[in-house]
Amino acid sequence: MSFLNKEERTKCWGARDDYWKCLSENAPQHSSTSGEKVPDACKKLRKLFETSCPGTWVKHFDRKRTYEQFKQKMEQGVDPLEEHTKESKK
């Protein structure tokens, strides 16, 4: 595996940021690690993200976003596990 140069890293991070922005605007609770389908509005950006970054980076960034969402809920006093249980009973 070769290392990304500065230009390639910048392209990867930009693609990630654009994709995350789209998710925040169109599906703020979307979790790429849960197997949810990517919202239609973000599909092209997801594809660009996947082609601009190594697969291991995509997996890492997906997990990072999910963890950041979890952490934010915890800081707000919401128990994400309890919330998930309620949603699955609907």
# chains A, B, ... in the order shown; residues from 1 in each chain; ligands from 1

call {"tool": "residues_around", "arguments": {"residues": "region 69-77 of chain A", "least_positions_apart": "6", "cutoff": "12 Å", "atoms": "only C-alpha atoms", "output": "list in words"}}
result
Trp20, Ser24, Pro28, Gln29, His30, Ser31, Ser32, Thr33, Asp62, Arg63, Glu83 and His84 of chain A

call {"tool": "select_by_dssp", "arguments": {"residues": "chain A", "states": "alpha helix (DSSP H)", "output": "PyMOL selection string"}}
result
chain A and resi 6-26+43-52+55-75+80-88

call {"tool": "residues_around", "arguments": {"residues": "Trp57 (chain A)", "least_positions_apart": "5", "cutoff": "10 Å", "atoms": "only C-alpha atoms", "output": "ChimeraX atom specification"}}
result
/A:12-13,16,49-50,52,62-63

call {"tool": "write_last_selection", "arguments": {"atoms": "N, CA, C and O atoms", "output": "CSV table (one decimal), in the first residue's frame"}}
result
chain,number,residue,atom,x,y,z
A,12,CYS,N,-8.9,13.8,-0.6
A,12,CYS,CA,-9.7,12.8,0.3
A,12,CYS,C,-10.5,13.6,1.3
A,12,CYS,O,-11.7,13.4,1.5
A,13,TRP,N,-9.8,14.4,2.1
A,13,TRP,CA,-10.4,15.2,3.2
A,13,TRP,C,-11.5,16.1,2.7
A,13,TRP,O,-12.6,16.2,3.3
A,16,ARG,N,-14.5,13.9,1.9
A,16,ARG,CA,-15.1,13.5,3.1
A,16,ARG,C,-16.0,14.7,3.7
A,16,ARG,O,-17.1,14.5,4.1
A,49,PHE,N,-16.2,10.3,-2.4
A,49,PHE,CA,-15.5,10.1,-1.1
A,49,PHE,C,-14.8,8.7,-1.2
A,49,PHE,O,-13.6,8.6,-0.9
A,50,GLU,N,-15.5,7.7,-1.6
A,50,GLU,CA,-15.0,6.3,-1.7
A,50,GLU,C,-13.8,6.2,-2.7
A,50,GLU,O,-12.9,5.4,-2.6
A,52,SER,N,-11.9,8.8,-3.7
A,52,SER,CA,-10.8,9.7,-3.4
A,52,SER,C,-10.0,9.3,-2.2
A,52,SER,O,-8.9,9.8,-2.0
A,62,ASP,N,-16.0,6.8,8.5
A,62,ASP,CA,-17.4,6.4,8.8
A,62,ASP,C,-17.6,6.2,10.3
A,62,ASP,O,-18.6,6.6,10.9
A,63,ARG,N,-16.7,5.4,10.8
A,63,ARG,CA,-16.7,5.1,12.3
A,63,ARG,C,-16.6,6.4,13.1
A,63,ARG,O,-17.2,6.5,14.1

call {"tool": "residues_around", "arguments": {"residues": "region 38-44 of chain A", "least_positions_apart": "6", "cutoff": "7 Å", "atoms": "only C-alpha atoms", "output": "VMD selection string"}}
result
chain A and resid 19 22 to 23 27

call {"tool": "closest_residue", "arguments": {"among": "A:Ser34, A:Glu25, A:Cys53, A:Leu48", "to": "Glu7 (chain A)", "atoms": "only C-alpha atoms"}}
result
A:Cys53

call {"tool": "atom_distance", "arguments": {"atom1": "CA of Phe61 (chain A)", "atom2": "CA of Asp17 (chain A)"}}
result
10.1 Å

call {"tool": "closest_residue", "arguments": {"among": "A:Asp18, A:Leu4, A:Thr10, A:Val78", "to": "Lys47 (chain A)", "atoms": "only C-alpha atoms"}}
result
A:Asp18

call {"tool": "closest_residue", "arguments": {"among": "A:Lys37, A:Lys21, A:Arg9, A:Gly14", "to": "Arg65 (chain A)", "atoms": "only C-alpha atoms"}}
result
A:Lys21
